[in-house]
$ cat query.cif   # mmCIF, C-alpha atoms
data_input
#
loop_
_atom_site.label_atom_id
_atom_site.label_comp_id
_atom_site.auth_asym_id
_atom_site.auth_seq_id
_atom_site.Cartn_x
_atom_site.Cartn_y
_atom_site.Cartn_z
CA MET A 1 52.15 26.78 -2.33
CA TYR A 2 51.74 23.44 -4.00
CA PRO A 3 48.85 22.89 -6.44
CA CYS A 4 46.31 20.35 -5.34
CA ALA A 5 43.26 18.59 -6.73
CA LEU A 6 40.15 17.50 -4.86
CA ALA A 7 37.59 15.15 -6.37
CA SER A 8 34.90 12.74 -5.23
CA THR A 9 33.19 9.67 -6.64
CA ASN A 10 30.29 7.95 -4.94
CA HIS A 11 31.28 8.03 -1.23
CA THR A 12 35.02 8.57 -1.61
CA ILE A 13 36.98 11.86 -1.57
CA TYR A 14 40.37 11.94 -3.30
CA LEU A 15 43.12 14.54 -2.53
CA VAL A 16 46.25 14.89 -4.66
CA ILE A 17 49.06 17.43 -3.97
CA MET A 18 51.69 18.02 -6.67
CA ASP A 19 54.88 20.05 -7.03
CA ALA A 20 55.65 22.56 -9.77
CA GLN A 21 56.79 19.76 -12.10
CA ASP A 22 53.48 17.92 -11.57
CA HIS A 23 55.14 15.26 -9.46
CA ILE A 24 52.72 13.80 -6.94
CA LEU A 25 53.82 14.66 -3.41
CA LEU A 26 50.78 13.31 -1.59
CA SER A 27 47.81 11.26 -2.62
CA CYS A 28 45.10 10.07 -0.28
CA SER A 29 41.46 9.13 -0.20
CA SER A 30 38.79 8.98 2.44
CA ASN A 31 35.38 7.39 2.54
CA PHE A 32 32.46 9.37 3.91
CA ILE A 33 28.96 8.45 4.95
CA MET A 34 26.01 10.63 4.05
CA ALA A 35 23.61 11.23 6.91
CA PRO A 36 19.96 10.24 6.40
CA ILE A 37 17.60 13.00 5.32
CA ILE A 38 13.90 13.64 5.86
CA ARG A 39 12.05 14.45 2.66
CA PRO A 40 8.44 14.50 1.43
CA ALA A 41 6.92 11.11 0.65
CA THR A 42 5.80 10.42 -2.93
CA LYS A 43 3.98 7.65 -4.79
CA ALA A 44 7.40 6.40 -5.89
CA ASP A 45 7.93 5.37 -2.24
CA GLU A 46 4.95 3.01 -2.17
CA PHE A 47 6.94 -0.24 -2.15
CA ALA A 48 9.18 0.97 0.68
CA LEU A 49 6.25 2.32 2.69
CA SER A 50 4.41 -0.99 2.38
CA ASN A 51 7.50 -2.97 3.37
CA ILE A 52 8.22 -0.81 6.44
CA CYS A 53 4.60 -1.12 7.51
CA LEU A 54 4.79 -4.92 7.22
CA LEU A 55 8.06 -5.11 9.15
CA THR A 56 6.69 -3.07 12.07
CA ALA A 57 3.01 -4.07 12.11
CA ASN A 58 3.18 -6.68 14.87
CA ALA A 59 3.26 -4.32 17.87
CA GLY A 60 6.43 -2.77 16.48
CA THR A 61 7.98 -6.00 15.23
CA SER A 62 7.80 -7.81 11.91
CA SER A 63 4.52 -9.37 10.80
CA LYS A 64 6.06 -10.85 7.65
CA ASP A 65 5.57 -14.43 8.84
CA LEU A 66 1.98 -13.76 9.89
CA HIS A 67 0.66 -13.09 6.38
CA SER A 68 0.02 -14.94 3.17
CA HIS A 69 -0.94 -11.53 1.75
CA PRO A 70 1.87 -9.27 3.02
CA ALA A 71 0.56 -6.17 1.23
CA LEU A 72 -2.43 -5.90 3.59
CA PRO A 73 -0.93 -3.80 6.43
CA GLY A 74 0.46 -1.22 4.05
CA LEU A 75 -2.76 -1.02 2.06
CA ILE A 76 -4.54 0.12 5.22
CA TYR A 77 -1.98 2.12 7.16
CA ALA A 78 0.54 3.49 4.65
CA LEU A 79 -0.36 3.69 0.96
CA PRO A 80 -3.56 5.72 1.33
CA TYR A 81 -1.42 8.64 2.51
CA VAL A 82 0.32 9.04 -0.84
CA ASN A 83 -2.90 8.62 -2.83
CA LEU A 84 -5.83 10.37 -1.15
CA GLU A 85 -7.16 13.83 -0.36
CA SER A 86 -6.01 15.84 2.66
CA THR A 87 -2.91 13.69 3.22
CA TRP A 88 0.77 14.39 3.82
CA GLY A 89 3.88 12.35 4.44
CA PHE A 90 7.62 12.43 5.07
CA VAL A 91 10.17 9.65 4.77
CA LEU A 92 13.55 9.01 6.34
CA ASP A 93 15.86 8.45 3.38
CA ASP A 94 19.26 6.86 4.07
CA ASP A 95 21.33 7.14 0.89
CA GLY A 96 18.37 6.37 -1.35
CA GLU A 97 16.79 3.72 0.90
CA VAL A 98 13.59 4.66 2.71
CA VAL A 99 13.93 3.37 6.27
CA GLY A 100 11.11 5.16 8.07
CA TYR A 101 8.12 7.41 7.61
CA THR A 102 5.50 9.58 9.18
CA LEU A 103 2.21 9.82 7.30
CA GLY A 104 -1.09 11.42 8.08
CA ALA A 105 -4.11 13.50 7.19
CA PHE A 106 -4.82 17.15 7.87
CA ASP A 107 -8.57 16.48 8.05
CA THR A 108 -9.51 12.95 9.06
CA ARG A 109 -13.14 13.29 7.96
CA LYS A 110 -12.08 14.38 4.45
CA PHE A 111 -9.60 11.53 4.40
CA GLU A 112 -12.27 9.02 5.42
CA LYS A 113 -14.63 10.32 2.73
CA SER A 114 -11.92 10.19 0.07
CA ALA A 115 -10.92 6.65 1.09
CA GLU A 116 -14.52 5.45 1.06
CA THR A 117 -14.85 6.66 -2.52
CA ASP A 118 -11.44 6.04 -4.02
CA TRP A 119 -9.60 3.43 -1.92
CA TRP A 120 -11.62 0.86 0.01
CA PRO A 121 -14.07 -0.25 -2.76
CA SER A 122 -11.37 -1.80 -4.98
CA LEU A 123 -9.72 -3.49 -2.00
CA ARG A 124 -13.04 -4.88 -0.80
CA ALA A 125 -13.68 -6.26 -4.27
CA ARG A 126 -10.21 -7.83 -4.39
CA TYR A 127 -9.96 -9.30 -0.90
CA GLY A 128 -13.53 -9.61 0.40
CA PRO A 129 -14.47 -12.69 -1.67
CA LEU A 130 -11.47 -14.57 -0.23
CA LEU A 131 -13.26 -14.75 3.11
CA GLN A 132 -15.97 -16.86 1.47
CA VAL A 133 -13.55 -19.41 0.00
CA PRO A 134 -13.17 -22.31 2.46
CA ASP A 135 -9.69 -23.31 1.31
CA ALA A 136 -8.34 -19.80 0.66
CA ALA A 137 -4.73 -19.39 1.78
CA LEU A 138 -5.51 -16.87 4.49
CA THR A 139 -3.83 -16.57 7.85
CA THR A 140 -5.56 -15.27 10.95
CA ALA A 141 -3.80 -11.94 10.45
CA ASP A 142 -4.94 -11.82 6.81
CA ARG A 143 -8.55 -12.33 7.86
CA THR A 144 -8.28 -9.62 10.52
CA TYR A 145 -6.96 -7.08 8.03
CA ILE A 146 -9.51 -8.02 5.35
CA ASN A 147 -12.32 -7.60 7.86
CA THR A 148 -10.88 -4.19 8.73
CA ILE A 149 -11.00 -3.22 5.05
CA ILE A 150 -14.61 -4.36 4.80
CA THR A 151 -15.74 -2.48 7.91
CA ILE A 152 -13.13 0.23 8.26
CA PRO A 153 -13.72 2.10 11.53
CA ARG A 154 -14.31 5.86 11.55
CA ALA A 155 -12.61 8.12 14.03
CA SER A 156 -14.93 8.85 16.95
CA ASP A 157 -16.52 12.24 17.45
CA THR A 158 -14.59 12.55 20.72
CA THR A 159 -11.31 12.04 18.92
CA MET A 160 -12.28 14.50 16.20
CA ALA A 161 -13.19 17.07 18.85
CA PHE A 162 -9.62 16.86 20.10
CA ALA A 163 -8.01 17.11 16.67
CA PRO A 164 -9.03 16.83 13.02
CA ALA A 165 -5.57 15.54 12.07
CA HIS A 166 -4.00 12.14 12.65
CA LEU A 167 -0.63 10.54 11.93
CA HIS A 168 1.29 7.28 11.71
CA ILE A 169 5.00 6.74 12.24
CA ASP A 170 7.14 3.65 11.66
CA ILE A 171 10.92 3.21 11.48
CA LEU A 172 12.90 0.09 10.67
CA PRO A 173 14.81 -1.39 13.65
CA SER A 174 18.14 -0.47 12.03
CA HIS A 175 17.34 3.23 12.49
CA GLN A 176 15.46 3.18 15.78
CA ARG A 177 16.81 4.67 19.02
CA GLN A 178 18.91 7.21 17.12
CA GLY A 179 16.68 10.25 17.43
CA TRP A 180 15.01 9.88 14.06
CA GLY A 181 11.55 9.27 15.53
CA ARG A 182 11.64 12.61 17.32
CA LYS A 183 12.89 14.31 14.15
CA LEU A 184 10.15 12.78 12.02
CA ILE A 185 7.47 13.80 14.51
CA GLY A 186 9.05 17.26 14.66
CA ARG A 187 8.84 17.58 10.88
CA ALA A 188 5.23 16.45 10.98
CA MET A 189 4.37 19.01 13.67
CA GLU A 190 6.03 21.79 11.66
CA ASN A 191 3.98 20.77 8.64
CA LEU A 192 0.72 20.63 10.59
CA LYS A 193 1.32 24.03 12.19
CA ALA A 194 2.17 25.57 8.81
CA ASN A 195 -1.20 24.34 7.55
CA GLY A 196 -3.14 25.74 10.49
CA VAL A 197 -3.58 22.48 12.39
CA LYS A 198 -3.20 22.93 16.15
CA SER A 199 -3.36 19.34 17.40
CA VAL A 200 -2.99 15.76 16.19
CA TRP A 201 -3.79 12.23 17.40
CA LEU A 202 -2.62 8.73 16.61
CA GLY A 203 -3.60 5.16 17.35
CA MET A 204 -1.13 2.68 18.77
CA ASP A 205 -1.21 -0.98 19.73
CA PRO A 206 -1.46 -1.02 23.55
CA LYS A 207 0.84 -4.06 23.53
CA ASN A 208 3.65 -1.99 22.01
CA MET A 209 5.23 -0.78 25.25
CA ALA A 210 8.30 0.64 23.50
CA ALA A 211 6.11 2.86 21.35
CA ALA A 212 4.09 3.96 24.38
CA ALA A 213 7.29 5.02 26.14
CA PHE A 214 8.50 6.85 23.03
CA TYR A 215 5.28 8.82 22.63
CA GLY A 216 5.22 9.60 26.34
CA ARG A 217 8.70 11.12 26.15
CA LEU A 218 7.48 13.40 23.36
CA GLY A 219 4.46 14.60 25.32
CA PHE A 220 1.68 12.56 23.69
CA LYS A 221 -0.98 11.52 26.17
CA LYS A 222 -4.47 10.12 26.40
CA PHE A 223 -7.11 12.83 26.23
CA GLU A 224 -10.57 12.88 27.79
CA GLY A 225 -12.91 10.39 26.17
CA ALA A 226 -10.20 8.76 24.02
CA GLU A 227 -10.52 5.06 23.27
CA GLU A 228 -7.78 2.63 24.29
CA GLY A 229 -4.63 3.23 22.27
CA ILE A 230 -5.61 6.73 21.11
CA ILE A 231 -3.28 9.52 22.24
CA GLY A 232 -2.63 13.07 21.09
CA ILE A 233 -0.70 16.28 21.46
CA THR A 234 -1.29 19.95 20.69
CA ALA A 235 1.15 22.14 18.80
CA GLN A 236 1.62 24.23 21.94
CA GLU A 237 2.37 21.16 24.05
CA TRP A 238 4.91 20.01 21.47
CA GLU A 239 6.68 23.34 21.50
CA GLU A 240 6.71 23.52 25.29
CA TYR A 241 7.47 19.89 26.08
CA ALA A 242 9.26 18.09 23.27
CA VAL A 243 11.36 20.67 21.46
#

$ encode --input "query.cif" --output "structure tokens"
Amino acid sequence: MYPCALASTNHTIYLVIMDAQDHILLSCSSNFIMAPIIRPATKADEFALSNICLLTANAGTSSKDLHSHPALPGLIYALPYVNLESTWGFVLDDDGEVVGYTLGAFDTRKFEKSAETDWWPSLRARYGPLLQVPDAALTTADRTYINTIITIPRASDTTMAFAPAHLHIDILPSHQRQGWGRKLIGRAMENLKANGVKSVWLGMDPKNMAAAAFYGRLGFKKFEGAEEGIIGITAQEWEEYAV
């Protein structure tokens, strides 16, 4: 039996086999790739969350060229979920780079109340006055998002009757169509069920046909009284249909 040594550095494994006189008989190395992992989102992920939101905000494609203020999409649809009450989140982490997320709230009404107190006022103070400046460097998309911040819509009573919880999910194109969307939604559903939540809804851009097809494959559907773009699923439906 020859002695051997096994070591690794970064993403490379080294194997050395020696004889009794410590002469090297075989030496080889092999690179390996670590698979992405799903982990809880934290405030340290804010920059990545905001960037992913920007790069998927235009019906699933990048809205980077549509904004003079590129932070706006993330300030509405991503960052509140690592800062406010009744929220949760998970990210897809590929070797230290966040490439996707699912974020949401257990109780949308508590989330709305928390946001109205602790999130929207400072953003309204920062961005609202820009709408009154004639030569402000604002794009049409900027103005749309700022107006949303000023008059943020509440979830309808019909939607809340279906589910108190809601979620968002976005993945960078580099990691789409590889099963990670299903896995992120699955992790979200596990988390919701563990916290006693039996159903969840989300809002999607009706123009995003790829997203509509994705959600349909997982069992999300429009429920009675839902507004355009609002779809949902129960925990039971997920377990029966998507798993």

$ closest_residue --input "query.cif" --among "A:Thr87, A:Asp135, A:Met34, A:Ala115" --to "Ile152 in chain A" --atoms "all atoms listed in the file"
A:Ala115

$ atom_distance --input "query.cif" --atom1 "CA of Lys193 in chain A" --atom2 "CA of Ala165 in chain A"
10.9 Å

$ resolve_selection --input "query.cif" --expression "the PyMOL selection byres ((chain A and resi 88) around 7)" --output "list in words"
Tyr81, Thr87, Gly89, Leu103, Gly104 and Ala105 of chain A

$ resolve_selection --input "query.cif" --expression "the PyMOL selection byres ((chain A and resi 62) around 12)" --output "number ranges by chain"
A: 51-61, 63-67, 70, 73, 170-173

$ atom_distance --input "query.cif" --atom1 "CA of Trp238 in chain A" --atom2 "CA of Ala161 in chain A"
18.5 Å

$ resolve_selection --input "query.cif" --expression "the PyMOL selection byres ((chain A and resi 42) around 12)" --output "JSON, numbers by chain"
{"A": [39, 40, 41, 43, 44, 45, 46, 47, 48, 49, 78, 79, 80, 81, 82, 83, 84, 87, 88, 89, 90, 91, 98, 101, 103]}

$ axis_aligned_box --input "query.cif" --around "range 69-88 of chain A" --padding-each-side "3 Å" --output "JSON"
{"center_x": -2.6, "center_y": 2.2, "center_z": 2.2, "size_x": 15.0, "size_y": 33.4, "size_z": 16.0}

$ closest_residue --input "query.cif" --among "A:Gly179, A:Ile38, A:Lys207, A:Ala235" --to "Phe220 in chain A" --atoms "all atoms listed in the file"
A:Ala235

$ atom_distance --input "query.cif" --atom1 "CA of Gly100 in chain A" --atom2 "CA of Arg126 in chain A"
27.9 Å

$ residues_near_point --input "query.cif" --point "(-15.4, 12.3, 19.4)" --cutoff "12 Å" --atoms "only C-alpha atoms" --output "VMD selection string"
chain A and resid 108 to 109 154 to 164 201 223 to 227 230

$ residues_around --input "query.cif" --residues "Thr234 in chain A" --least-positions-apart "6" --cutoff "7 Å" --atoms "all atoms listed in the file" --output "MDAnalysis selection string"
chainID A and resid 198:200

$ write_last_selection --input "query.cif" --atoms "C-alpha atoms" --output "mmCIF file, keeping the file's coordinate frame"
data_model
loop_
_atom_site.group_PDB
_atom_site.id
_atom_site.type_symbol
_atom_site.label_atom_id
_atom_site.label_comp_id
_atom_site.auth_asym_id
_atom_site.auth_seq_id
_atom_site.Cartn_x
_atom_site.Cartn_y
_atom_site.Cartn_z
ATOM 1 C CA LYS A 198 -3.200 22.930 16.150
ATOM 2 C CA SER A 199 -3.360 19.340 17.400
ATOM 3 C CA VAL A 200 -2.990 15.760 16.190
#

$ closest_residue --input "query.cif" --among "A:Leu92, A:Ile149, A:Ile169, A:Ala125" --to "Leu75 in chain A" --atoms "all atoms listed in the file"
A:Ile149

$ closest_residue --input "query.cif" --among "A:Pro134, A:Gly229, A:Gly181, A:Pro129" --to "Arg217 in chain A" --atoms "all atoms listed in the file"
A:Gly181

$ closest_residue --input "query.cif" --among "A:Gly219, A:His69, A:Leu192, A:Ser50" --to "Asp142 in chain A" --atoms "all atoms listed in the file"
A:His69

$ closest_residue --input "query.cif" --among "A:Met209, A:Ala141, A:His168, A:Phe106" --to "Asn195 in chain A" --atoms "only C-alpha atoms"
A:Phe106

$ decode --input "query.cif" --residues "range 182-197 of chain A" --atoms "all heavy atoms" --output "PDB file, in the first residue's frame"
ATOM      1  N   ARG A 182     -37.814  26.548  -9.691  1.00  0.00           N
ATOM      2  CA  ARG A 182     -38.644  25.577  -8.964  1.00  0.00           C
ATOM      3  C   ARG A 182     -38.078  25.341  -7.563  1.00  0.00           C
ATOM      4  O   ARG A 182     -38.826  25.253  -6.580  1.00  0.00           O
ATOM      5  CB  ARG A 182     -38.702  24.270  -9.738  1.00  0.00           C
ATOM      6  CG  ARG A 182     -39.490  23.158  -9.040  1.00  0.00           C
ATOM      7  CD  ARG A 182     -39.423  21.868  -9.834  1.00  0.00           C
ATOM      8  NE  ARG A 182     -40.204  21.961 -11.063  1.00  0.00           N
ATOM      9  CZ  ARG A 182     -41.475  21.594 -11.167  1.00  0.00           C
ATOM     10  NH1 ARG A 182     -42.111  21.109 -10.110  1.00  0.00           N
ATOM     11  NH2 ARG A 182     -42.117  21.701 -12.305  1.00  0.00           N
ATOM     12  N   LYS A 183     -36.758  25.243  -7.459  1.00  0.00           N
ATOM     13  CA  LYS A 183     -36.141  24.989  -6.153  1.00  0.00           C
ATOM     14  C   LYS A 183     -36.318  26.171  -5.207  1.00  0.00           C
ATOM     15  O   LYS A 183     -36.553  25.993  -4.009  1.00  0.00           O
ATOM     16  CB  LYS A 183     -34.662  24.647  -6.333  1.00  0.00           C
ATOM     17  CG  LYS A 183     -34.427  23.305  -7.001  1.00  0.00           C
ATOM     18  CD  LYS A 183     -32.952  23.027  -7.211  1.00  0.00           C
ATOM     19  CE  LYS A 183     -32.755  21.673  -7.890  1.00  0.00           C
ATOM     20  NZ  LYS A 183     -31.323  21.374  -8.148  1.00  0.00           N
ATOM     21  N   LEU A 184     -36.202  27.386  -5.740  1.00  0.00           N
ATOM     22  CA  LEU A 184     -36.417  28.564  -4.900  1.00  0.00           C
ATOM     23  C   LEU A 184     -37.866  28.635  -4.418  1.00  0.00           C
ATOM     24  O   LEU A 184     -38.122  28.909  -3.237  1.00  0.00           O
ATOM     25  CB  LEU A 184     -36.046  29.832  -5.671  1.00  0.00           C
ATOM     26  CG  LEU A 184     -34.565  30.195  -5.731  1.00  0.00           C
ATOM     27  CD1 LEU A 184     -34.337  31.310  -6.748  1.00  0.00           C
ATOM     28  CD2 LEU A 184     -34.053  30.622  -4.363  1.00  0.00           C
ATOM     29  N   ILE A 185     -38.809  28.411  -5.330  1.00  0.00           N
ATOM     30  CA  ILE A 185     -40.214  28.407  -4.927  1.00  0.00           C
ATOM     31  C   ILE A 185     -40.464  27.295  -3.915  1.00  0.00           C
ATOM     32  O   ILE A 185     -41.188  27.478  -2.919  1.00  0.00           O
ATOM     33  CB  ILE A 185     -41.142  28.241  -6.141  1.00  0.00           C
ATOM     34  CG1 ILE A 185     -41.063  29.463  -7.066  1.00  0.00           C
ATOM     35  CG2 ILE A 185     -42.586  28.005  -5.691  1.00  0.00           C
ATOM     36  CD1 ILE A 185     -41.694  30.718  -6.501  1.00  0.00           C
ATOM     37  N   GLY A 186     -39.851  26.133  -4.137  1.00  0.00           N
ATOM     38  CA  GLY A 186     -40.006  25.033  -3.191  1.00  0.00           C
ATOM     39  C   GLY A 186     -39.508  25.397  -1.806  1.00  0.00           C
ATOM     40  O   GLY A 186     -40.149  25.073  -0.796  1.00  0.00           O
ATOM     41  N   ARG A 187     -38.364  26.091  -1.752  1.00  0.00           N
ATOM     42  CA  ARG A 187     -37.841  26.515  -0.443  1.00  0.00           C
ATOM     43  C   ARG A 187     -38.769  27.531   0.195  1.00  0.00           C
ATOM     44  O   ARG A 187     -38.987  27.508   1.423  1.00  0.00           O
ATOM     45  CB  ARG A 187     -36.439  27.111  -0.628  1.00  0.00           C
ATOM     46  CG  ARG A 187     -35.756  27.471   0.701  1.00  0.00           C
ATOM     47  CD  ARG A 187     -35.476  26.231   1.509  1.00  0.00           C
ATOM     48  NE  ARG A 187     -34.939  26.546   2.830  1.00  0.00           N
ATOM     49  CZ  ARG A 187     -35.702  26.764   3.894  1.00  0.00           C
ATOM     50  NH1 ARG A 187     -37.026  26.707   3.801  1.00  0.00           N
ATOM     51  NH2 ARG A 187     -35.143  27.031   5.066  1.00  0.00           N
ATOM     52  N   ALA A 188     -39.322  28.414  -0.603  1.00  0.00           N
ATOM     53  CA  ALA A 188     -40.271  29.390  -0.083  1.00  0.00           C
ATOM     54  C   ALA A 188     -41.514  28.703   0.475  1.00  0.00           C
ATOM     55  O   ALA A 188     -41.994  29.052   1.565  1.00  0.00           O
ATOM     56  CB  ALA A 188     -40.660  30.381  -1.181  1.00  0.00           C
ATOM     57  N   MET A 189     -42.038  27.717  -0.247  1.00  0.00           N
ATOM     58  CA  MET A 189     -43.242  27.013   0.208  1.00  0.00           C
ATOM     59  C   MET A 189     -42.971  26.239   1.495  1.00  0.00           C
ATOM     60  O   MET A 189     -43.830  26.184   2.387  1.00  0.00           O
ATOM     61  CB  MET A 189     -43.750  26.089  -0.892  1.00  0.00           C
ATOM     62  CG  MET A 189     -44.206  26.800  -2.158  1.00  0.00           C
ATOM     63  SD  MET A 189     -45.527  28.014  -1.908  1.00  0.00           S
ATOM     64  CE  MET A 189     -46.877  26.933  -1.414  1.00  0.00           C
ATOM     65  N   GLU A 190     -41.799  25.641   1.610  1.00  0.00           N
ATOM     66  CA  GLU A 190     -41.433  24.953   2.854  1.00  0.00           C
ATOM     67  C   GLU A 190     -41.432  25.947   4.020  1.00  0.00           C
ATOM     68  O   GLU A 190     -41.926  25.644   5.111  1.00  0.00           O
ATOM     69  CB  GLU A 190     -40.039  24.332   2.724  1.00  0.00           C
ATOM     70  CG  GLU A 190     -39.952  23.145   1.789  1.00  0.00           C
ATOM     71  CD  GLU A 190     -38.515  22.683   1.611  1.00  0.00           C
ATOM     72  OE1 GLU A 190     -37.619  23.271   2.273  1.00  0.00           O
ATOM     73  OE2 GLU A 190     -38.279  21.764   0.818  1.00  0.00           O
ATOM     74  N   ASN A 191     -40.861  27.112   3.778  1.00  0.00           N
ATOM     75  CA  ASN A 191     -40.769  28.134   4.813  1.00  0.00           C
ATOM     76  C   ASN A 191     -42.148  28.640   5.217  1.00  0.00           C
ATOM     77  O   ASN A 191     -42.445  28.801   6.410  1.00  0.00           O
ATOM     78  CB  ASN A 191     -39.924  29.294   4.298  1.00  0.00           C
ATOM     79  CG  ASN A 191     -39.721  30.385   5.318  1.00  0.00           C
ATOM     80  OD1 ASN A 191     -39.339  30.125   6.464  1.00  0.00           O
ATOM     81  ND2 ASN A 191     -39.956  31.623   4.921  1.00  0.00           N
ATOM     82  N   LEU A 192     -43.013  28.878   4.233  1.00  0.00           N
ATOM     83  CA  LEU A 192     -44.360  29.350   4.527  1.00  0.00           C
ATOM     84  C   LEU A 192     -45.138  28.311   5.327  1.00  0.00           C
ATOM     85  O   LEU A 192     -45.796  28.630   6.325  1.00  0.00           O
ATOM     86  CB  LEU A 192     -45.089  29.693   3.227  1.00  0.00           C
ATOM     87  CG  LEU A 192     -44.551  30.920   2.467  1.00  0.00           C
ATOM     88  CD1 LEU A 192     -45.156  30.983   1.076  1.00  0.00           C
ATOM     89  CD2 LEU A 192     -44.831  32.201   3.250  1.00  0.00           C
ATOM     90  N   LYS A 193     -45.055  27.051   4.904  1.00  0.00           N
ATOM     91  CA  LYS A 193     -45.771  25.986   5.604  1.00  0.00           C
ATOM     92  C   LYS A 193     -45.281  25.853   7.041  1.00  0.00           C
ATOM     93  O   LYS A 193     -46.077  25.685   7.970  1.00  0.00           O
ATOM     94  CB  LYS A 193     -45.610  24.673   4.855  1.00  0.00           C
ATOM     95  CG  LYS A 193     -46.409  23.528   5.467  1.00  0.00           C
ATOM     96  CD  LYS A 193     -46.263  22.252   4.648  1.00  0.00           C
ATOM     97  CE  LYS A 193     -47.066  21.110   5.283  1.00  0.00           C
ATOM     98  NZ  LYS A 193     -46.932  19.853   4.497  1.00  0.00           N
ATOM     99  N   ALA A 194     -43.970  25.944   7.243  1.00  0.00           N
ATOM    100  CA  ALA A 194     -43.397  25.829   8.576  1.00  0.00           C
ATOM    101  C   ALA A 194     -43.861  26.951   9.496  1.00  0.00           C
ATOM    102  O   ALA A 194     -43.862  26.807  10.722  1.00  0.00           O
ATOM    103  CB  ALA A 194     -41.874  25.812   8.495  1.00  0.00           C
ATOM    104  N   ASN A 195     -44.271  28.068   8.899  1.00  0.00           N
ATOM    105  CA  ASN A 195     -44.755  29.208   9.677  1.00  0.00           C
ATOM    106  C   ASN A 195     -46.278  29.315   9.669  1.00  0.00           C
ATOM    107  O   ASN A 195     -46.833  30.370   9.984  1.00  0.00           O
ATOM    108  CB  ASN A 195     -44.125  30.497   9.147  1.00  0.00           C
ATOM    109  CG  ASN A 195     -42.684  30.662   9.570  1.00  0.00           C
ATOM    110  OD1 ASN A 195     -42.408  31.181  10.647  1.00  0.00           O
ATOM    111  ND2 ASN A 195     -41.758  30.188   8.751  1.00  0.00           N
ATOM    112  N   GLY A 196     -46.938  28.225   9.285  1.00  0.00           N
ATOM    113  CA  GLY A 196     -48.387  28.163   9.370  1.00  0.00           C
ATOM    114  C   GLY A 196     -49.134  28.870   8.272  1.00  0.00           C
ATOM    115  O   GLY A 196     -50.344  29.108   8.397  1.00  0.00           O
ATOM    116  N   VAL A 197     -48.453  29.197   7.169  1.00  0.00           N
ATOM    117  CA  VAL A 197     -49.104  29.876   6.050  1.00  0.00           C
ATOM    118  C   VAL A 197     -49.522  28.834   5.025  1.00  0.00           C
ATOM    119  O   VAL A 197     -48.704  28.042   4.567  1.00  0.00           O
ATOM    120  CB  VAL A 197     -48.164  30.914   5.415  1.00  0.00           C
ATOM    121  CG1 VAL A 197     -48.852  31.604   4.240  1.00  0.00           C
ATOM    122  CG2 VAL A 197     -47.725  31.937   6.458  1.00  0.00           C
TER     123      VAL A 197
END
